[in-house]
file coords-v8.cif (mmCIF, C-alpha atoms and all ligand atoms)
data_work
#
loop_
_atom_site.group_PDB
_atom_site.id
_atom_site.type_symbol
_atom_site.label_atom_id
_atom_site.label_comp_id
_atom_site.auth_asym_id
_atom_site.auth_seq_id
_atom_site.Cartn_x
_atom_site.Cartn_y
_atom_site.Cartn_z
ATOM 1 C CA MET W 2 8.594 -78.541 -31.957
ATOM 2 C CA SER W 3 7.396 -82.174 -31.991
ATOM 3 C CA HIS W 4 6.901 -84.086 -35.211
ATOM 4 C CA ALA W 5 3.114 -83.811 -34.779
ATOM 5 C CA ASP W 6 3.375 -80.032 -34.265
ATOM 6 C CA GLU W 7 5.511 -79.714 -37.365
ATOM 7 C CA ALA W 8 3.000 -81.704 -39.416
ATOM 8 C CA HIS W 9 0.198 -79.537 -38.035
ATOM 9 C CA HIS W 10 2.122 -76.367 -38.878
ATOM 10 C CA GLU W 11 2.810 -77.653 -42.394
ATOM 11 C CA LEU W 12 -0.878 -78.446 -42.851
ATOM 12 C CA LEU W 13 -1.875 -74.955 -41.727
ATOM 13 C CA THR W 14 0.674 -73.442 -44.142
ATOM 14 C CA LEU W 15 -0.727 -75.497 -47.002
ATOM 15 C CA CYS W 16 -4.323 -74.612 -46.104
ATOM 16 C CA SER W 17 -3.647 -70.908 -45.982
ATOM 17 C CA ALA W 18 -1.649 -71.034 -49.245
ATOM 18 C CA LEU W 19 -4.623 -72.790 -50.828
ATOM 19 C CA GLY W 20 -7.024 -70.215 -49.407
ATOM 20 C CA ALA W 21 -4.899 -67.398 -50.795
ATOM 21 C CA LEU W 22 -4.766 -69.089 -54.190
ATOM 22 C CA LEU W 23 -8.535 -69.473 -54.276
ATOM 23 C CA GLU W 24 -8.767 -65.765 -53.510
ATOM 24 C CA LEU W 25 -6.442 -65.036 -56.441
ATOM 25 C CA HIS W 26 -8.576 -67.312 -58.658
ATOM 26 C CA ARG W 27 -11.640 -65.383 -57.625
ATOM 27 C CA ALA W 28 -9.942 -62.076 -58.333
ATOM 28 C CA THR W 29 -8.087 -62.876 -61.546
ATOM 29 C CA GLY W 30 -9.280 -66.168 -62.965
ATOM 30 C CA ALA W 31 -5.840 -67.762 -62.385
ATOM 31 C CA SER W 32 -5.426 -71.512 -62.609
ATOM 32 C CA GLY W 33 -3.032 -73.972 -60.990
ATOM 33 C CA LEU W 34 -1.930 -74.563 -57.434
ATOM 34 C CA PRO W 35 1.046 -72.925 -55.706
ATOM 35 C CA LYS W 36 3.620 -74.761 -53.716
ATOM 36 C CA ALA W 37 3.421 -74.043 -50.020
ATOM 37 C CA THR W 38 5.883 -71.289 -49.238
ATOM 38 C CA ALA W 39 7.915 -73.577 -46.961
ATOM 39 C CA GLU W 40 8.156 -76.247 -49.651
ATOM 40 C CA LEU W 41 9.166 -73.667 -52.229
ATOM 41 C CA ALA W 42 11.763 -72.244 -49.875
ATOM 42 C CA ARG W 43 13.270 -75.703 -49.243
ATOM 43 C CA GLU W 44 13.349 -76.478 -52.957
ATOM 44 C CA ARG W 45 15.150 -73.221 -53.721
ATOM 45 C CA GLY W 46 17.492 -73.544 -50.784
ATOM 46 C CA TRP W 47 16.164 -70.398 -49.082
ATOM 47 C CA SER W 48 15.420 -69.922 -45.486
ATOM 48 C CA ALA W 49 11.613 -69.973 -45.173
ATOM 49 C CA GLU W 50 11.818 -66.657 -43.298
ATOM 50 C CA PRO W 51 13.431 -63.567 -44.774
ATOM 51 C CA VAL W 52 17.017 -63.433 -43.598
ATOM 52 C CA VAL W 53 19.181 -60.416 -42.879
ATOM 53 C CA VAL W 54 22.180 -60.507 -45.143
ATOM 54 C CA PRO W 55 24.968 -58.014 -44.524
ATOM 55 C CA THR W 56 24.704 -55.923 -47.652
ATOM 56 C CA GLN W 57 28.452 -55.538 -47.899
ATOM 57 C CA GLN W 58 28.697 -59.196 -48.775
ATOM 58 C CA ARG W 59 26.270 -58.687 -51.610
ATOM 59 C CA GLU W 60 26.826 -55.274 -53.030
ATOM 60 C CA GLU W 61 29.023 -52.352 -52.144
ATOM 61 C CA ALA W 62 26.410 -49.877 -53.282
ATOM 62 C CA ALA W 63 24.132 -50.575 -50.349
ATOM 63 C CA GLY W 64 26.528 -48.767 -48.059
ATOM 64 C CA GLY W 65 26.740 -51.466 -45.403
ATOM 65 C CA ARG W 66 23.020 -51.510 -44.511
ATOM 66 C CA GLY W 67 21.603 -54.923 -43.663
ATOM 67 C CA VAL W 68 18.691 -55.793 -45.955
ATOM 68 C CA GLN W 69 16.313 -58.684 -45.887
ATOM 69 C CA VAL W 70 16.814 -60.904 -48.885
ATOM 70 C CA PRO W 71 16.389 -64.631 -49.219
ATOM 71 C CA ALA W 72 19.816 -66.258 -49.480
ATOM 72 C CA ALA W 73 19.570 -66.948 -53.199
ATOM 73 C CA PRO W 74 22.655 -66.655 -55.438
ATOM 74 C CA LEU W 75 23.050 -63.280 -57.082
ATOM 75 C CA PRO W 76 23.842 -62.925 -60.765
ATOM 76 C CA ALA W 77 27.267 -61.587 -61.704
ATOM 77 C CA ALA W 78 27.412 -57.854 -62.424
ATOM 78 C CA PRO W 79 27.012 -57.162 -66.135
ATOM 79 C CA ALA W 80 30.203 -56.715 -68.101
ATOM 80 C CA ARG W 81 30.664 -53.503 -70.083
ATOM 81 C CA ALA W 82 27.540 -53.266 -72.210
ATOM 82 C CA PRO W 83 27.884 -53.400 -75.991
ATOM 83 C CA SER W 84 25.885 -50.779 -77.867
ATOM 84 C CA SER W 85 23.055 -53.189 -78.764
ATOM 85 C CA ARG W 86 22.291 -53.344 -75.049
ATOM 86 C CA VAL W 87 20.951 -50.861 -72.598
ATOM 87 C CA LEU W 88 23.826 -48.607 -71.670
ATOM 88 C CA LEU W 89 24.143 -48.246 -67.936
ATOM 89 C CA GLU W 90 25.979 -44.964 -67.849
ATOM 90 C CA PRO W 91 27.742 -44.444 -64.532
ATOM 91 C CA SER W 92 24.957 -42.365 -63.057
ATOM 92 C CA LEU W 93 25.457 -39.486 -60.691
ATOM 93 C CA PRO W 94 24.438 -40.433 -57.176
ATOM 94 C CA VAL W 95 20.959 -39.080 -56.446
ATOM 95 C CA ALA W 96 20.984 -36.829 -53.383
ATOM 96 C CA VAL W 97 17.977 -38.112 -51.461
ATOM 97 C CA PRO W 98 16.274 -35.565 -49.185
ATOM 98 C CA ALA W 99 15.605 -36.667 -45.627
ATOM 99 C CA THR W 100 11.888 -35.962 -45.415
ATOM 100 C CA LEU W 101 9.024 -37.579 -47.261
ATOM 101 C CA GLU W 102 7.654 -34.161 -48.228
ATOM 102 C CA GLU W 103 10.941 -33.160 -49.832
ATOM 103 C CA ARG W 104 11.193 -36.475 -51.645
ATOM 104 C CA TRP W 105 7.674 -36.026 -53.050
ATOM 105 C CA ALA W 106 8.489 -32.461 -54.072
ATOM 106 C CA ARG W 107 11.498 -33.833 -56.004
ATOM 107 C CA LEU W 108 9.340 -36.521 -57.593
ATOM 108 C CA LYS W 109 6.784 -33.904 -58.684
ATOM 109 C CA ALA W 110 9.568 -31.784 -60.193
ATOM 110 C CA LEU W 111 10.941 -34.862 -61.962
ATOM 111 C CA GLU W 112 7.475 -35.684 -63.312
ATOM 112 C CA ALA W 113 7.230 -32.155 -64.729
ATOM 113 C CA ALA W 114 10.669 -32.502 -66.341
ATOM 114 C CA VAL W 115 9.672 -35.852 -67.857
ATOM 115 C CA ALA W 116 6.501 -34.281 -69.289
ATOM 116 C CA ASP W 117 8.751 -31.938 -71.322
ATOM 117 C CA CYS W 118 11.392 -34.546 -72.152
ATOM 118 C CA THR W 119 12.714 -34.805 -75.711
ATOM 119 C CA ARG W 120 15.630 -37.148 -75.031
ATOM 120 C CA CYS W 121 14.462 -39.681 -77.618
ATOM 121 C CA ALA W 122 12.139 -39.959 -80.606
ATOM 122 C CA LEU W 123 9.309 -41.440 -78.526
ATOM 123 C CA SER W 124 8.604 -37.867 -77.427
ATOM 124 C CA GLN W 125 7.462 -37.080 -80.995
ATOM 125 C CA THR W 126 4.689 -39.671 -81.042
ATOM 126 C CA ARG W 127 3.434 -39.629 -77.452
ATOM 127 C CA THR W 128 0.200 -37.983 -76.340
ATOM 128 C CA HIS W 129 1.166 -37.905 -72.652
ATOM 129 C CA THR W 130 4.053 -39.173 -70.609
ATOM 130 C CA ALA W 131 3.035 -41.732 -67.957
ATOM 131 C CA PHE W 132 5.256 -41.144 -64.934
ATOM 132 C CA SER W 133 3.856 -43.028 -61.928
ATOM 133 C CA ARG W 134 0.846 -43.900 -59.862
ATOM 134 C CA GLY W 135 0.438 -44.769 -56.181
ATOM 135 C CA ASP W 136 2.178 -43.403 -53.095
ATOM 136 C CA GLY W 137 4.478 -46.364 -52.372
ATOM 137 C CA SER W 138 3.578 -46.297 -48.659
ATOM 138 C CA SER W 139 3.531 -50.132 -48.584
ATOM 139 C CA GLY W 140 7.220 -50.086 -49.543
ATOM 140 C CA VAL W 141 6.573 -51.826 -52.873
ATOM 141 C CA CYS W 142 7.471 -50.469 -56.320
ATOM 142 C CA PHE W 143 6.328 -52.244 -59.458
ATOM 143 C CA VAL W 144 8.363 -51.496 -62.587
ATOM 144 C CA GLY W 145 6.832 -52.235 -65.990
ATOM 145 C CA GLU W 146 7.959 -51.768 -69.562
ATOM 146 C CA GLY W 147 6.285 -48.679 -70.978
ATOM 147 C CA PRO W 148 2.892 -47.067 -71.535
ATOM 148 C CA GLY W 149 0.359 -48.638 -73.870
ATOM 149 C CA ALA W 150 -2.485 -46.912 -75.723
ATOM 150 C CA GLU W 151 -4.645 -46.250 -72.663
ATOM 151 C CA GLU W 152 -1.690 -45.076 -70.547
ATOM 152 C CA ASP W 153 -0.651 -42.711 -73.362
ATOM 153 C CA ARG W 154 -4.190 -41.344 -73.492
ATOM 154 C CA GLN W 155 -4.555 -40.864 -69.706
ATOM 155 C CA GLY W 156 -0.920 -40.090 -68.810
ATOM 156 C CA VAL W 157 -0.908 -42.705 -66.017
ATOM 157 C CA PRO W 158 0.931 -46.075 -65.971
ATOM 158 C CA PHE W 159 -0.960 -49.367 -65.940
ATOM 159 C CA VAL W 160 -4.532 -48.154 -66.422
ATOM 160 C CA GLY W 161 -5.361 -50.427 -69.392
ATOM 161 C CA PRO W 162 -6.193 -54.158 -69.320
ATOM 162 C CA ALA W 163 -2.753 -55.170 -67.968
ATOM 163 C CA GLY W 164 -3.118 -52.549 -65.251
ATOM 164 C CA GLN W 165 -6.490 -53.917 -64.238
ATOM 165 C CA LEU W 166 -4.955 -57.354 -63.769
ATOM 166 C CA LEU W 167 -2.025 -55.795 -61.894
ATOM 167 C CA ASP W 168 -4.477 -54.158 -59.486
ATOM 168 C CA LYS W 169 -6.163 -57.519 -58.828
ATOM 169 C CA MET W 170 -2.768 -59.061 -58.100
ATOM 170 C CA ILE W 171 -1.924 -56.203 -55.720
ATOM 171 C CA VAL W 172 -5.226 -56.667 -53.882
ATOM 172 C CA ALA W 173 -4.650 -60.444 -53.678
ATOM 173 C CA MET W 174 -1.325 -59.609 -51.959
ATOM 174 C CA GLY W 175 -3.284 -57.756 -49.268
ATOM 175 C CA LEU W 176 -2.238 -54.305 -50.509
ATOM 176 C CA LYS W 177 -4.186 -51.372 -51.871
ATOM 177 C CA PRO W 178 -3.322 -50.240 -55.417
ATOM 178 C CA SER W 179 -2.991 -46.696 -54.023
ATOM 179 C CA GLU W 180 -0.212 -47.750 -51.608
ATOM 180 C CA VAL W 181 2.164 -49.266 -54.163
ATOM 181 C CA TYR W 182 4.286 -47.133 -56.488
ATOM 182 C CA VAL W 183 3.924 -48.150 -60.127
ATOM 183 C CA CYS W 184 6.180 -46.876 -62.895
ATOM 184 C CA ASN W 185 7.767 -47.957 -66.157
ATOM 185 C CA VAL W 186 11.212 -48.211 -67.667
ATOM 186 C CA VAL W 187 10.177 -45.780 -70.421
ATOM 187 C CA LYS W 188 7.690 -42.990 -69.845
ATOM 188 C CA CYS W 189 6.463 -42.553 -73.442
ATOM 189 C CA ARG W 190 4.495 -45.066 -75.469
ATOM 190 C CA PRO W 191 6.510 -46.898 -78.119
ATOM 191 C CA PRO W 192 4.403 -46.756 -81.330
ATOM 192 C CA ASP W 193 2.340 -49.886 -82.041
ATOM 193 C CA ASN W 194 3.200 -51.159 -78.565
ATOM 194 C CA ARG W 195 6.601 -52.321 -79.756
ATOM 195 C CA LYS W 196 9.312 -53.057 -77.237
ATOM 196 C CA PRO W 197 11.361 -49.921 -76.429
ATOM 197 C CA SER W 198 14.794 -49.985 -78.043
ATOM 198 C CA PRO W 199 17.970 -50.135 -75.920
ATOM 199 C CA ALA W 200 18.651 -46.493 -76.881
ATOM 200 C CA GLU W 201 15.177 -45.440 -75.708
ATOM 201 C CA ILE W 202 15.576 -47.361 -72.462
ATOM 202 C CA SER W 203 19.008 -45.777 -71.907
ATOM 203 C CA ALA W 204 17.629 -42.282 -72.589
ATOM 204 C CA CYS W 205 14.934 -42.776 -69.924
ATOM 205 C CA ARG W 206 17.040 -44.662 -67.413
ATOM 206 C CA GLY W 207 18.125 -41.664 -65.358
ATOM 207 C CA TYR W 208 14.463 -40.920 -64.616
ATOM 208 C CA LEU W 209 13.829 -44.448 -63.376
ATOM 209 C CA GLU W 210 16.971 -44.392 -61.226
ATOM 210 C CA GLU W 211 15.891 -41.144 -59.643
ATOM 211 C CA GLN W 212 12.339 -42.356 -59.058
ATOM 212 C CA LEU W 213 13.586 -45.459 -57.267
ATOM 213 C CA ALA W 214 16.196 -43.534 -55.265
ATOM 214 C CA LEU W 215 13.563 -41.042 -54.097
ATOM 215 C CA MET W 216 10.952 -43.701 -53.329
ATOM 216 C CA GLN W 217 13.405 -45.866 -51.366
ATOM 217 C CA PRO W 218 11.189 -48.966 -51.684
ATOM 218 C CA LYS W 219 11.619 -52.029 -49.481
ATOM 219 C CA VAL W 220 10.999 -54.283 -52.478
ATOM 220 C CA ILE W 221 10.957 -53.764 -56.246
ATOM 221 C CA VAL W 222 8.856 -56.086 -58.407
ATOM 222 C CA VAL W 223 10.046 -56.110 -62.010
ATOM 223 C CA LEU W 224 7.343 -57.013 -64.517
ATOM 224 C CA GLY W 225 8.651 -58.852 -67.566
ATOM 225 C CA ALA W 226 11.863 -59.205 -69.491
ATOM 226 C CA THR W 227 12.002 -55.662 -70.878
ATOM 227 C CA ALA W 228 11.655 -54.097 -67.443
ATOM 228 C CA LEU W 229 14.340 -56.476 -66.183
ATOM 229 C CA GLU W 230 16.627 -55.399 -69.018
ATOM 230 C CA GLY W 231 15.834 -51.772 -68.263
ATOM 231 C CA LEU W 232 16.872 -52.135 -64.650
ATOM 232 C CA PHE W 233 19.886 -54.431 -64.986
ATOM 233 C CA GLY W 234 21.120 -53.535 -68.457
ATOM 234 C CA ARG W 235 21.193 -56.931 -70.087
ATOM 235 C CA SER W 236 18.716 -59.138 -71.863
ATOM 236 C CA GLU W 237 17.637 -62.163 -69.801
ATOM 237 C CA SER W 238 14.969 -64.821 -69.950
ATOM 238 C CA ILE W 239 12.166 -63.809 -67.581
ATOM 239 C CA THR W 240 11.190 -67.476 -67.309
ATOM 240 C CA ARG W 241 14.596 -68.206 -65.810
ATOM 241 C CA ALA W 242 14.931 -64.995 -63.810
ATOM 242 C CA ARG W 243 11.474 -64.958 -62.208
ATOM 243 C CA GLY W 244 11.116 -66.109 -58.640
ATOM 244 C CA ASN W 245 14.771 -65.423 -57.799
ATOM 245 C CA TRP W 246 15.700 -62.498 -55.588
ATOM 246 C CA ARG W 247 18.458 -60.140 -56.648
ATOM 247 C CA LEU W 248 19.528 -56.650 -55.599
ATOM 248 C CA TYR W 249 19.296 -53.247 -57.220
ATOM 249 C CA GLN W 250 21.194 -50.575 -55.284
ATOM 250 C CA GLY W 251 20.828 -52.718 -52.165
ATOM 251 C CA ILE W 252 17.058 -53.135 -52.649
ATOM 252 C CA PRO W 253 15.619 -56.668 -52.973
ATOM 253 C CA VAL W 254 14.152 -57.177 -56.455
ATOM 254 C CA MET W 255 11.705 -59.892 -57.471
ATOM 255 C CA PRO W 256 11.379 -60.411 -61.230
ATOM 256 C CA THR W 257 8.077 -61.885 -62.391
ATOM 257 C CA PHE W 258 5.908 -62.132 -65.467
ATOM 258 C CA HIS W 259 4.314 -59.036 -66.979
ATOM 259 C CA PRO W 260 0.516 -58.905 -66.479
ATOM 260 C CA ALA W 261 0.030 -58.525 -70.253
ATOM 261 C CA TYR W 262 1.753 -61.915 -70.621
ATOM 262 C CA LEU W 263 -0.486 -63.336 -67.892
ATOM 263 C CA LEU W 264 -3.537 -62.162 -69.847
ATOM 264 C CA ARG W 265 -2.240 -64.113 -72.864
ATOM 265 C CA VAL W 266 -1.017 -67.137 -70.887
ATOM 266 C CA PRO W 267 -3.246 -67.497 -67.800
ATOM 267 C CA ALA W 268 -1.483 -70.727 -66.774
ATOM 268 C CA ALA W 269 1.577 -68.609 -65.914
ATOM 269 C CA LYS W 270 -0.404 -66.860 -63.160
ATOM 270 C CA ARG W 271 0.479 -69.736 -60.875
ATOM 271 C CA ASP W 272 4.199 -68.896 -61.080
ATOM 272 C CA ALA W 273 3.539 -65.163 -60.800
ATOM 273 C CA TRP W 274 1.495 -65.791 -57.681
ATOM 274 C CA GLN W 275 4.363 -67.717 -56.093
ATOM 275 C CA ASP W 276 6.619 -64.726 -56.803
ATOM 276 C CA LEU W 277 4.145 -62.288 -55.273
ATOM 277 C CA GLN W 278 3.710 -64.468 -52.191
ATOM 278 C CA ALA W 279 7.490 -64.293 -51.716
ATOM 279 C CA VAL W 280 7.226 -60.493 -51.898
ATOM 280 C CA VAL W 281 4.507 -60.471 -49.222
ATOM 281 C CA GLN W 282 6.700 -62.655 -47.030
ATOM 282 C CA GLN W 283 9.698 -60.397 -47.646
ATOM 283 C CA LEU W 284 7.617 -57.419 -46.498
ATOM 284 C CA GLY W 285 6.850 -59.291 -43.284
ATOM 285 C CA ARG W 286 3.138 -59.166 -44.093
ATOM 286 C CA THR W 287 0.538 -61.922 -44.264
ATOM 287 C CA LEU W 288 -1.799 -62.719 -47.114
ATOM 288 C CA PRO W 289 -5.449 -61.744 -46.677
ATOM 289 C CA GLY W 290 -7.316 -64.429 -44.769
ATOM 290 C CA ARG W 291 -4.204 -65.805 -43.054
ATOM 291 C CA GLY W 292 -4.831 -63.988 -39.777
HETATM 292 N N1 LIG W 301 2.418 -52.215 -69.796
HETATM 293 C C1 LIG W 301 3.455 -51.650 -69.147
HETATM 294 O O1 LIG W 301 4.522 -52.215 -69.078
HETATM 295 N N2 LIG W 301 3.255 -50.485 -68.574
HETATM 296 C C2 LIG W 301 2.083 -49.855 -68.599
HETATM 297 O O2 LIG W 301 1.996 -48.786 -68.038
HETATM 298 C C3 LIG W 301 1.019 -50.480 -69.270
HETATM 299 C C4 LIG W 301 1.197 -51.657 -69.866
#
call {"tool": "encode", "arguments": {"input": "coords-v8.cif", "output": "structure tokens", "more": "lines below"}}
Ligand code: URA
result
Amino acid sequence: MSHADEAHHELLTLCSALGALLELHRATGASGLPKATAELARERGWSAEPVVVPTQQREEAAGGRGVQVPAAPLPAAPARAPSSRVLLEPSLPVAVPATLEERWARLKALEAAVADCTRCALSQTRTHTAFSRGDGSSGVCFVGEGPGAEEDRQGVPFVGPAGQLLDKMIVAMGLKPSEVYVCNVVKCRPPDNRKPSPAEISACRGYLEEQLALMQPKVIVVLGATALEGLFGRSESITRARGNWRLYQGIPVMPTFHPAYLLRVPAAKRDAWQDLQAVVQQLGRTLPGRG
């Protein structure tokens, strides 16, 4: 490619990133401008395109499959968790059925088991459990923290104000809310919307593991620090973790801000949008309006 072609390509990239951002502004009221994906990739030392990394080099658990993850450094595995942290019990491997129908049947059975769950005290104050929404056919799973008041009332995750913003973000990514799988680290509402305790997260963790194993997503988007702690078992700054790929059971994970935080701090939507653009790129899809 000549220098002029490269400059032209760069200009097109910037224009379409700007177009996508304006679309997000229209949808969510976000402010701020994103970096062009190529610029962001250079700054972070990634390849601009998703790269196939032999999973074995990254994580034994992936069983040697090649997965597409940007070549970003992975965090060290957590040391043995003290009791004030989420306990990642060595979980039994989930036997994943071969067909989609069987996997959905297992998910339905799991949802019914969760509805009767009394593993922790949150079961005493909940109205409904909120297990999941969406069919995950896009290959994306969003993992949040836990149900709020509206989710507890309806028994569905992310149907309150944060969920409405999440839906706008999903649409801005070029996806339908119905084709992403949305779930939470805990399935029962913590009273007064407090953060779930490490013991509550640990009690619910087996359900999340099984949901993710049965869904087999191509990408997991973790929303906020509590969800990140729920999945990886240690407390981390979401401001530092966001935007950096890591793996869960061989699946690329993108941590980003929780939509409830974005409602409080709209300026952070700019960073969240960068993270979601990286997810779209990882899926091999294009943003709406990019052709
Ligand atoms: N916040 C979450 O983390 N999950 C929900 O389902 C709703 C709000």
call {"tool": "closest_residue", "arguments": {"input": "coords-v8.cif", "among": "W:Leu213, W:Ala228, W:Ala200, W:Cys142", "to": "ligand LIG 301 (chain W)", "atoms": "all atoms listed in the file"}}
result
W:Ala228
call {"tool": "residues_near_ligand", "arguments": {"input": "coords-v8.cif", "ligand": "ligand LIG 301 (chain W)", "cutoff": "8 Å", "atoms": "only C-alpha atoms and all ligand atoms", "output": "PyMOL selection string"}}
result
chain W and resi 131+144-149+151-152+157-164+184-186+224-225+228+259-261
call {"tool": "residues_around", "arguments": {"input": "coords-v8.cif", "residues": "Ser236 (chain W)", "least_positions_apart": "5", "cutoff": "8 Å", "atoms": "all atoms listed in the file", "output": "count of residues only"}}
result
5
call {"tool": "closest_residue", "arguments": {"input": "coords-v8.cif", "among": "W:Cys118, W:Leu108, W:Ile171, W:Leu277", "to": "Met216 (chain W)", "atoms": "only C-alpha atoms"}}
result
W:Leu108
call {"tool": "closest_residue", "arguments": {"input": "coords-v8.cif", "among": "W:Ile239, W:Ala279, W:Val254, W:Ile202", "to": "Ala122 (chain W)", "atoms": "all atoms listed in the file"}}
result
W:Ile202
call {"tool": "resolve_selection", "arguments": {"input": "coords-v8.cif", "expression": "the PyMOL selection byres (((chain W and resi 241) around 12) and not hetatm)", "output": "ChimeraX atom specification"}}
result
/W:76,225-226,229,236-240,242-246,256-258,272
call {"tool": "atom_distance", "arguments": {"input": "coords-v8.cif", "atom1": "CA of Ala96 (chain W)", "atom2": "CA of Ala110 (chain W)"}}
result
14.2 Å
call {"tool": "closest_residue", "arguments": {"input": "coords-v8.cif", "among": "W:Arg195, W:Lys188, W:Lys109, W:Lys169", "to": "Thr130 (chain W)", "atoms": "only C-alpha atoms"}}
result
W:Lys188
call {"tool": "residues_around", "arguments": {"input": "coords-v8.cif", "residues": "Asp168 (chain W)", "least_positions_apart": "6", "cutoff": "12 Å", "atoms": "only C-alpha atoms", "output": "CSV table (one decimal) with C-alpha atoms, in the frame of the given file"}}
result
chain,number,residue,atom,x,y,z
W,25,LEU,CA,-6.4,-65.0,-56.4
W,28,ALA,CA,-9.9,-62.1,-58.3
W,29,THR,CA,-8.1,-62.9,-61.5
W,134,ARG,CA,0.8,-43.9,-59.9
W,135,GLY,CA,0.4,-44.8,-56.2
W,143,PHE,CA,6.3,-52.2,-59.5
W,158,PRO,CA,0.9,-46.1,-66.0
W,159,PHE,CA,-1.0,-49.4,-65.9
W,160,VAL,CA,-4.5,-48.2,-66.4
W,161,GLY,CA,-5.4,-50.4,-69.4
W,162,PRO,CA,-6.2,-54.2,-69.3
W,174,MET,CA,-1.3,-59.6,-52.0
W,175,GLY,CA,-3.3,-57.8,-49.3
W,176,LEU,CA,-2.2,-54.3,-50.5
W,177,LYS,CA,-4.2,-51.4,-51.9
W,178,PRO,CA,-3.3,-50.2,-55.4
W,179,SER,CA,-3.0,-46.7,-54.0
W,180,GLU,CA,-0.2,-47.8,-51.6
W,181,VAL,CA,2.2,-49.3,-54.2
W,182,TYR,CA,4.3,-47.1,-56.5
W,183,VAL,CA,3.9,-48.2,-60.1
W,260,PRO,CA,0.5,-58.9,-66.5
call {"tool": "closest_residue", "arguments": {"input": "coords-v8.cif", "among": "W:Leu232, W:Val115, W:Val222, W:Ala268", "to": "Gly156 (chain W)", "atoms": "only C-alpha atoms"}}
result
W:Val115
call {"tool": "residues_around", "arguments": {"input": "coords-v8.cif", "residues": "Thr128 (chain W)", "least_positions_apart": "3", "cutoff": "9 Å", "atoms": "all atoms listed in the file", "output": "PyMOL selection string"}}
result
chain W and resi 124-125+153-156+189-190
call {"tool": "resolve_selection", "arguments": {"input": "coords-v8.cif", "expression": "the PyMOL selection byres (((chain W and resi 286) around 12) and not hetatm)", "output": "compact mmCIF listing (two decimals) with C-alpha atoms, in the frame of the given file"}}
result
# COMPACT_ATOMS: atom_id res chain seq x y z
CA GLU W 50 11.82 -66.66 -43.30
CA PRO W 51 13.43 -63.57 -44.77
CA SER W 139 3.53 -50.13 -48.58
CA GLY W 140 7.22 -50.09 -49.54
CA VAL W 141 6.57 -51.83 -52.87
CA MET W 174 -1.32 -59.61 -51.96
CA GLY W 175 -3.28 -57.76 -49.27
CA LEU W 176 -2.24 -54.30 -50.51
CA LEU W 277 4.14 -62.29 -55.27
CA GLN W 278 3.71 -64.47 -52.19
CA ALA W 279 7.49 -64.29 -51.72
CA VAL W 280 7.23 -60.49 -51.90
CA VAL W 281 4.51 -60.47 -49.22
CA GLN W 282 6.70 -62.66 -47.03
CA GLN W 283 9.70 -60.40 -47.65
CA LEU W 284 7.62 -57.42 -46.50
CA GLY W 285 6.85 -59.29 -43.28
CA THR W 287 0.54 -61.92 -44.26
CA LEU W 288 -1.80 -62.72 -47.11
CA PRO W 289 -5.45 -61.74 -46.68
CA GLY W 290 -7.32 -64.43 -44.77
CA ARG W 291 -4.20 -65.81 -43.05
CA GLY W 292 -4.83 -63.99 -39.78
call {"tool": "closest_residue", "arguments": {"input": "coords-v8.cif", "among": "W:Leu263, W:Met255, W:Leu215, W:Ala273", "to": "Pro94 (chain W)", "atoms": "only C-alpha atoms"}}
result
W:Leu215
call {"tool": "atom_distance", "arguments": {"input": "coords-v8.cif", "atom1": "CA of Pro197 (chain W)", "atom2": "CA of Ser138 (chain W)"}}
result
29.1 Å
call {"tool": "atom_distance", "arguments": {"input": "coords-v8.cif", "atom1": "CA of Val220 (chain W)", "atom2": "CA of Ile252 (chain W)"}}
result
6.2 Å
